[in-house]
file input_5.pdb (PDB, C-alpha atoms)
MODEL        1
ATOM      1  CA  MET S  15       0.000   0.000   0.000
ATOM      2  CA  LYS S  16       2.873   2.344   0.852
ATOM      3  CA  ILE S  17       4.461   1.728  -2.547
ATOM      4  CA  ASN S  18       1.194   2.548  -4.309
ATOM      5  CA  LYS S  19       1.001   5.929  -2.529
ATOM      6  CA  ILE S  20       4.604   6.722  -3.427
ATOM      7  CA  LEU S  21       4.006   5.768  -7.063
ATOM      8  CA  PHE S  22       0.794   7.821  -7.104
ATOM      9  CA  TYR S  23       2.557  10.922  -5.750
ATOM     10  CA  LEU S  24       5.490  10.416  -8.086
ATOM     11  CA  ALA S  25       3.123  10.125 -11.067
ATOM     12  CA  ALA S  26       1.267  13.258  -9.931
ATOM     13  CA  VAL S  27       4.504  15.241  -9.666
ATOM     14  CA  LEU S  28       5.644  14.049 -13.100
ATOM     15  CA  ALA S  29       2.272  14.937 -14.614
ATOM     16  CA  ALA S  30       2.455  18.408 -13.064
ATOM     17  CA  LEU S  31       5.950  18.942 -14.450
ATOM     18  CA  VAL S  32       4.893  17.876 -17.932
ATOM     19  CA  ALA S  33       1.794  20.076 -17.778
ATOM     20  CA  CYS S  34       3.823  23.152 -16.856
ATOM     21  CA  LYS S  35       4.794  24.910 -20.025
ATOM     22  CA  GLN S  36       8.300  26.156 -19.728
ATOM     23  CA  GLU S  37       8.643  29.604 -21.205
ATOM     24  CA  GLU S  38      11.433  29.803 -23.723
ATOM     25  CA  PRO S  39      14.079  32.284 -22.685
ATOM     26  CA  LYS S  40      14.154  35.465 -24.732
ATOM     27  CA  PRO S  41      17.151  35.871 -26.980
ATOM     28  CA  GLU S  42      19.823  38.021 -25.379
ATOM     29  CA  THR S  43      22.164  39.426 -28.007
ATOM     30  CA  PRO S  44      20.943  41.949 -30.606
ATOM     31  CA  GLU S  45      21.721  39.454 -33.362
ATOM     32  CA  GLU S  46      19.733  36.663 -31.653
ATOM     33  CA  VAL S  47      16.809  39.041 -31.073
ATOM     34  CA  LEU S  48      16.769  40.131 -34.701
ATOM     35  CA  LYS S  49      16.940  36.577 -36.045
ATOM     36  CA  GLN S  50      14.129  35.402 -33.751
ATOM     37  CA  TYR S  51      12.035  38.488 -34.606
ATOM     38  CA  GLN S  52      12.426  37.833 -38.348
ATOM     39  CA  SER S  53      11.641  34.139 -37.898
ATOM     40  CA  ASN S  54       8.438  35.035 -36.046
ATOM     41  CA  ILE S  55       7.369  37.409 -38.827
ATOM     42  CA  ASP S  56       8.237  34.804 -41.479
ATOM     43  CA  GLN S  57       5.863  32.357 -39.762
ATOM     44  CA  ASN S  58       3.154  35.017 -39.188
ATOM     45  CA  LYS S  59       3.657  34.760 -35.414
ATOM     46  CA  PHE S  60       3.028  38.446 -34.845
ATOM     47  CA  GLY S  61       2.266  38.089 -31.137
ATOM     48  CA  GLU S  62       5.694  36.562 -30.545
ATOM     49  CA  ALA S  63       7.341  39.198 -32.743
ATOM     50  CA  ARG S  64       5.628  41.923 -30.689
ATOM     51  CA  ALA S  65       7.276  40.507 -27.550
ATOM     52  CA  LEU S  66      10.618  41.373 -29.176
ATOM     53  CA  SER S  67       9.515  44.870 -30.266
ATOM     54  CA  THR S  68       9.469  48.384 -28.864
ATOM     55  CA  PRO S  69       6.041  50.037 -28.455
ATOM     56  CA  ALA S  70       6.480  51.699 -31.875
ATOM     57  CA  GLY S  71       7.537  48.349 -33.324
ATOM     58  CA  ARG S  72       4.421  46.694 -31.906
ATOM     59  CA  GLN S  73       2.224  49.290 -33.646
ATOM     60  CA  TRP S  74       4.078  48.747 -36.918
ATOM     61  CA  LEU S  75       3.566  44.979 -36.609
ATOM     62  CA  THR S  76      -0.162  45.508 -36.038
ATOM     63  CA  GLU S  77      -0.320  47.409 -39.326
ATOM     64  CA  LEU S  78       1.726  44.744 -41.119
ATOM     65  CA  GLU S  79      -0.463  41.986 -39.713
ATOM     66  CA  ALA S  80      -3.585  43.776 -40.990
ATOM     67  CA  ILE S  81      -2.102  43.943 -44.489
ATOM     68  CA  ILE S  82      -0.933  40.335 -44.487
ATOM     69  CA  SER S  83      -4.251  39.038 -43.151
ATOM     70  CA  ASN S  84      -5.787  39.902 -46.537
ATOM     71  CA  GLU S  85      -3.328  37.652 -48.388
ATOM     72  CA  GLN S  86      -3.337  33.886 -48.853
ATOM     73  CA  VAL S  87      -1.563  32.286 -45.892
ATOM     74  CA  ASP S  88       0.818  30.178 -47.953
ATOM     75  CA  SER S  89       2.010  33.284 -49.818
ATOM     76  CA  THR S  90       2.942  35.080 -46.599
ATOM     77  CA  VAL S  91       5.044  32.365 -44.960
ATOM     78  CA  LEU S  92       8.712  32.998 -45.694
ATOM     79  CA  ASP S  93      12.036  31.359 -44.996
ATOM     80  CA  THR S  94      14.446  34.243 -44.494
ATOM     81  CA  ARG S  95      18.149  33.586 -44.026
ATOM     82  CA  PHE S  96      20.662  36.133 -42.804
ATOM     83  CA  LEU S  97      23.607  36.135 -45.199
ATOM     84  CA  SER S  98      25.292  38.901 -43.223
ATOM     85  CA  LEU S  99      24.410  40.812 -40.080
ATOM     86  CA  SER S 100      26.351  43.677 -38.548
ATOM     87  CA  CYS S 101      25.129  45.751 -35.602
ATOM     88  CA  GLU S 102      26.833  49.007 -34.676
ATOM     89  CA  GLY S 103      26.148  51.811 -32.272
ATOM     90  CA  ALA S 104      26.735  53.120 -28.811
ATOM     91  CA  GLY S 105      24.620  53.031 -25.712
ATOM     92  CA  ASP S 106      21.116  51.644 -25.891
ATOM     93  CA  THR S 107      20.542  51.987 -29.667
ATOM     94  CA  LEU S 108      22.073  49.882 -32.428
ATOM     95  CA  ILE S 109      21.691  49.973 -36.195
ATOM     96  CA  CYS S 110      21.867  46.520 -37.737
ATOM     97  CA  SER S 111      22.640  46.218 -41.446
ATOM     98  CA  CYS S 112      21.749  42.916 -43.027
ATOM     99  CA  VAL S 113      21.824  41.036 -46.277
ATOM    100  CA  LEU S 114      18.845  38.693 -46.294
ATOM    101  CA  GLU S 115      17.591  36.025 -48.636
ATOM    102  CA  ASP S 116      14.189  34.391 -48.778
ATOM    103  CA  GLN S 117      12.703  32.005 -51.310
ATOM    104  CA  TYR S 118      12.028  34.905 -53.692
ATOM    105  CA  GLU S 119      15.021  37.238 -53.594
ATOM    106  CA  GLN S 120      18.142  38.532 -51.913
ATOM    107  CA  TYR S 121      17.928  42.026 -50.412
ATOM    108  CA  THR S 122      19.399  44.426 -47.873
ATOM    109  CA  ALA S 123      17.636  45.698 -44.782
ATOM    110  CA  VAL S 124      18.424  48.005 -41.880
ATOM    111  CA  TYR S 125      16.934  47.506 -38.413
ATOM    112  CA  ARG S 126      17.127  49.677 -35.321
ATOM    113  CA  LEU S 127      17.351  47.856 -31.998
ATOM    114  CA  VAL S 128      16.822  49.560 -28.661
ATOM    115  CA  SER S 129      17.692  48.210 -25.237
ATOM    116  CA  LEU S 130      14.778  48.660 -22.829
ATOM    117  CA  GLU S 131      15.027  47.316 -19.289
ATOM    118  CA  GLY S 132      17.984  45.128 -20.234
ATOM    119  CA  GLN S 133      16.288  43.507 -23.259
ATOM    120  CA  TRP S 134      17.148  44.315 -26.876
ATOM    121  CA  LEU S 135      13.991  45.088 -28.868
ATOM    122  CA  VAL S 136      13.392  45.768 -32.564
ATOM    123  CA  ASP S 137      12.077  49.271 -33.244
ATOM    124  CA  ALA S 138       9.694  50.301 -36.020
ATOM    125  CA  PRO S 139      11.327  50.956 -39.369
ATOM    126  CA  GLU S 140      11.557  54.560 -40.496
ATOM    127  CA  GLU S 141       9.827  53.839 -43.819
ATOM    128  CA  ASP S 142       6.157  53.139 -44.347
ATOM    129  CA  ILE S 143       5.008  49.664 -45.305
ATOM    130  CA  ILE S 144       5.205  49.316 -49.073
ATOM    131  CA  ILE S 145       3.715  46.415 -50.947
ATOM    132  CA  GLU S 146       5.456  46.452 -54.310
ATOM    133  CA  ASN S 147       3.349  46.605 -57.447
ATOM    134  CA  ASP S 148      -0.007  46.590 -55.609
ATOM    135  CA  LEU S 149      -0.590  50.292 -56.223
ATOM    136  CA  ILE S 150       0.535  50.182 -59.836
ATOM    137  CA  GLU S 151      -1.462  47.033 -60.563
ATOM    138  CA  SER S 152      -4.615  48.603 -59.164
ATOM    139  CA  ILE S 153      -4.389  51.680 -61.411
ATOM    140  CA  PRO S 154      -6.017  51.362 -64.838
ATOM    141  CA  ASP S 155      -3.443  51.491 -67.647
ATOM    142  CA  SER S 156      -4.935  54.666 -69.133
ATOM    143  CA  LEU S 157      -4.530  56.565 -65.846
ATOM    144  CA  LEU S 158      -1.026  55.225 -65.359
ATOM    145  CA  GLU S 159      -0.007  56.337 -68.862
ATOM    146  CA  GLU S 160      -1.523  59.771 -68.217
ATOM    147  CA  TYR S 161       0.420  60.075 -64.943
ATOM    148  CA  LEU S 162       3.692  59.009 -66.549
ATOM    149  CA  ASP S 163       3.199  61.451 -69.459
ATOM    150  CA  GLU S 164       2.680  64.312 -66.984
ATOM    151  CA  GLU S 165       5.812  63.334 -65.088
ATOM    152  CA  ILE S 166       7.856  63.305 -68.293
ATOM    153  CA  ARG S 167       6.531  66.751 -69.356
ATOM    154  CA  GLN S 168       7.453  68.254 -65.970
ATOM    155  CA  ASP S 169      11.067  67.111 -66.292
TER     156      ASP S 169
ENDMDL
END
call {"tool": "encode", "arguments": {"input": "input_5.pdb", "output": "structure tokens"}}
result
Amino acid sequence: MKINKILFYLAAVLAALVACKQEEPKPETPEEVLKQYQSNIDQNKFGEARALSTPAGRQWLTELEAIISNEQVDSTVLDTRFLSLSCEGAGDTLICSCVLEDQYEQYTAVYRLVSLEGQWLVDAPEEDIIIENDLIESIPDSLLEEYLDEEIRQD
């Protein structure tokens, strides 16, 4: 009977340990933060990306998420690799210059990271969100030609 009680308590403790979800530690270095942030965005895990963002970065991600939510899910999942990553700066703000590659293209990007309460966080980019070709594709050809002709005449 004593052995049964011990086994019961041992099983209960093991079940409790398994049930407890261990929180993954946040990345510590600016480079680790940036890579995890980008991975979260690639997988449309905006809540997790927000945890690695400044308040301004969280707002920017909300806007990005709203745009992406209108797209087909499989077209918004990316696999971005960092070909190079260099962070420079003094104090609590770093500028990280990167060469990135996803399944569509290779490109450069610049990120600003800020240290708040001992944690490096990704700040909002200085540029607005631009979805290439969407604006041009939505303009009728006649209006686009008219706009381009006016631009040429002004030069």
call {"tool": "residues_around", "arguments": {"input": "input_5.pdb", "residues": "region 115-129 of chain S", "least_positions_apart": "5", "cutoff": "7 Å", "atoms": "only C-alpha atoms", "output": "number ranges by chain"}}
result
S: 92-97, 106-110, 134-137, 139
call {"tool": "atom_distance", "arguments": {"input": "input_5.pdb", "atom1": "CA of Pro39 (chain S)", "atom2": "CA of Ser89 (chain S)"}}
result
29.7 Å
call {"tool": "resolve_selection", "arguments": {"input": "input_5.pdb", "expression": "the PyMOL selection byres ((chain S and resi 41) around 10)", "output": "list in words"}}
result
Glu38, Pro39, Lys40, Glu42, Thr43, Pro44, Glu45, Glu46, Val47, Leu48, Lys49, Gln50, Tyr51, Leu66, Gln133, Trp134 and Leu135 of chain S
call {"tool": "atom_distance", "arguments": {"input": "input_5.pdb", "atom1": "CA of Gly61 (chain S)", "atom2": "CA of Ala104 (chain S)"}}
result
28.8 Å
call {"tool": "atom_distance", "arguments": {"input": "input_5.pdb", "atom1": "CA of Thr68 (chain S)", "atom2": "CA of Glu140 (chain S)"}}
result
13.3 Å
call {"tool": "decode", "arguments": {"input": "input_5.pdb", "residues": "region 86-119 of chain S", "atoms": "N, CA and C atoms", "output": "mmCIF file, in the first residue's frame"}}
result
data_model
loop_
_atom_site.group_PDB
_atom_site.id
_atom_site.type_symbol
_atom_site.label_atom_id
_atom_site.label_comp_id
_atom_site.auth_asym_id
_atom_site.auth_seq_id
_atom_site.Cartn_x
_atom_site.Cartn_y
_atom_site.Cartn_z
ATOM 1 N N GLN S 86 -3.259 35.325 -49.070
ATOM 2 C CA GLN S 86 -3.337 33.886 -48.853
ATOM 3 C C GLN S 86 -2.217 33.483 -47.906
ATOM 4 N N VAL S 87 -2.524 32.644 -46.933
ATOM 5 C CA VAL S 87 -1.563 32.286 -45.892
ATOM 6 C C VAL S 87 -0.279 31.714 -46.464
ATOM 7 N N ASP S 88 -0.394 30.802 -47.424
ATOM 8 C CA ASP S 88 0.818 30.178 -47.953
ATOM 9 C C ASP S 88 1.722 31.167 -48.687
ATOM 10 N N SER S 89 1.184 32.294 -49.129
ATOM 11 C CA SER S 89 2.010 33.284 -49.818
ATOM 12 C C SER S 89 2.708 34.225 -48.847
ATOM 13 N N THR S 90 2.341 34.170 -47.579
ATOM 14 C CA THR S 90 2.942 35.080 -46.599
ATOM 15 C C THR S 90 3.935 34.392 -45.676
ATOM 16 N N VAL S 91 4.081 33.091 -45.780
ATOM 17 C CA VAL S 91 5.044 32.365 -44.960
ATOM 18 C C VAL S 91 6.375 32.353 -45.706
ATOM 19 N N LEU S 92 7.400 32.869 -45.060
ATOM 20 C CA LEU S 92 8.712 32.998 -45.694
ATOM 21 C C LEU S 92 9.760 32.176 -44.955
ATOM 22 N N ASP S 93 10.889 32.020 -45.601
ATOM 23 C CA ASP S 93 12.036 31.359 -44.996
ATOM 24 C C ASP S 93 13.230 32.277 -45.227
ATOM 25 N N THR S 94 13.397 33.248 -44.335
ATOM 26 C CA THR S 94 14.446 34.243 -44.494
ATOM 27 C C THR S 94 15.723 33.773 -43.826
ATOM 28 N N ARG S 95 16.832 33.908 -44.568
ATOM 29 C CA ARG S 95 18.149 33.586 -44.026
ATOM 30 C C ARG S 95 18.982 34.854 -43.991
ATOM 31 N N PHE S 96 19.748 35.009 -42.941
ATOM 32 C CA PHE S 96 20.662 36.133 -42.804
ATOM 33 C C PHE S 96 21.984 35.742 -43.452
ATOM 34 N N LEU S 97 22.327 36.400 -44.544
ATOM 35 C CA LEU S 97 23.607 36.135 -45.199
ATOM 36 C C LEU S 97 24.714 36.929 -44.522
ATOM 37 N N SER S 98 24.361 38.122 -44.042
ATOM 38 C CA SER S 98 25.292 38.901 -43.223
ATOM 39 C C SER S 98 24.477 39.750 -42.262
ATOM 40 N N LEU S 99 25.080 40.046 -41.127
ATOM 41 C CA LEU S 99 24.410 40.812 -40.080
ATOM 42 C C LEU S 99 25.474 41.542 -39.278
ATOM 43 N N SER S 100 25.374 42.869 -39.263
ATOM 44 C CA SER S 100 26.351 43.677 -38.548
ATOM 45 C C SER S 100 25.622 44.761 -37.779
ATOM 46 N N CYS S 101 25.774 44.749 -36.455
ATOM 47 C CA CYS S 101 25.129 45.751 -35.602
ATOM 48 C C CYS S 101 26.183 46.696 -35.050
ATOM 49 N N GLU S 102 25.909 47.992 -35.164
ATOM 50 C CA GLU S 102 26.833 49.007 -34.676
ATOM 51 C C GLU S 102 26.062 50.090 -33.948
ATOM 52 N N GLY S 103 26.746 50.707 -32.999
ATOM 53 C CA GLY S 103 26.148 51.811 -32.272
ATOM 54 C C GLY S 103 26.689 51.875 -30.868
ATOM 55 N N ALA S 104 26.285 52.926 -30.190
ATOM 56 C CA ALA S 104 26.735 53.120 -28.811
ATOM 57 C C ALA S 104 25.518 53.250 -27.912
ATOM 58 N N GLY S 105 25.701 52.871 -26.679
ATOM 59 C CA GLY S 105 24.620 53.031 -25.712
ATOM 60 C C GLY S 105 23.510 52.028 -25.922
ATOM 61 N N ASP S 106 22.268 52.532 -25.864
ATOM 62 C CA ASP S 106 21.116 51.644 -25.891
ATOM 63 C C ASP S 106 20.451 51.548 -27.264
ATOM 64 N N THR S 107 21.111 52.056 -28.323
ATOM 65 C CA THR S 107 20.542 51.987 -29.667
ATOM 66 C C THR S 107 21.588 51.461 -30.649
ATOM 67 N N LEU S 108 21.194 50.462 -31.413
ATOM 68 C CA LEU S 108 22.073 49.882 -32.428
ATOM 69 C C LEU S 108 21.379 49.933 -33.785
ATOM 70 N N ILE S 109 22.173 50.093 -34.825
ATOM 71 C CA ILE S 109 21.691 49.973 -36.195
ATOM 72 C C ILE S 109 22.288 48.691 -36.754
ATOM 73 N N CYS S 110 21.428 47.800 -37.204
ATOM 74 C CA CYS S 110 21.867 46.520 -37.737
ATOM 75 C C CYS S 110 21.628 46.491 -39.243
ATOM 76 N N SER S 111 22.711 46.327 -39.986
ATOM 77 C CA SER S 111 22.640 46.218 -41.446
ATOM 78 C C SER S 111 22.729 44.751 -41.818
ATOM 79 N N CYS S 112 21.846 44.338 -42.701
ATOM 80 C CA CYS S 112 21.749 42.916 -43.027
ATOM 81 C C CYS S 112 21.659 42.704 -44.531
ATOM 82 N N VAL S 113 22.134 41.559 -44.954
ATOM 83 C CA VAL S 113 21.824 41.036 -46.277
ATOM 84 C C VAL S 113 20.995 39.787 -46.000
ATOM 85 N N LEU S 114 19.789 39.770 -46.546
ATOM 86 C CA LEU S 114 18.845 38.693 -46.294
ATOM 87 C C LEU S 114 18.486 38.002 -47.599
ATOM 88 N N GLU S 115 18.054 36.764 -47.469
ATOM 89 C CA GLU S 115 17.591 36.025 -48.636
ATOM 90 C C GLU S 115 16.403 35.180 -48.215
ATOM 91 N N ASP S 116 15.324 35.274 -48.999
ATOM 92 C CA ASP S 116 14.189 34.391 -48.778
ATOM 93 C C ASP S 116 13.992 33.577 -50.052
ATOM 94 N N GLN S 117 12.885 32.876 -50.154
ATOM 95 C CA GLN S 117 12.703 32.005 -51.310
ATOM 96 C C GLN S 117 12.451 32.776 -52.601
ATOM 97 N N TYR S 118 12.314 34.103 -52.506
ATOM 98 C CA TYR S 118 12.028 34.905 -53.692
ATOM 99 C C TYR S 118 13.201 35.761 -54.156
ATOM 100 N N GLU S 119 13.983 36.289 -53.212
ATOM 101 C CA GLU S 119 15.021 37.238 -53.594
ATOM 102 C C GLU S 119 16.059 37.418 -52.486
#
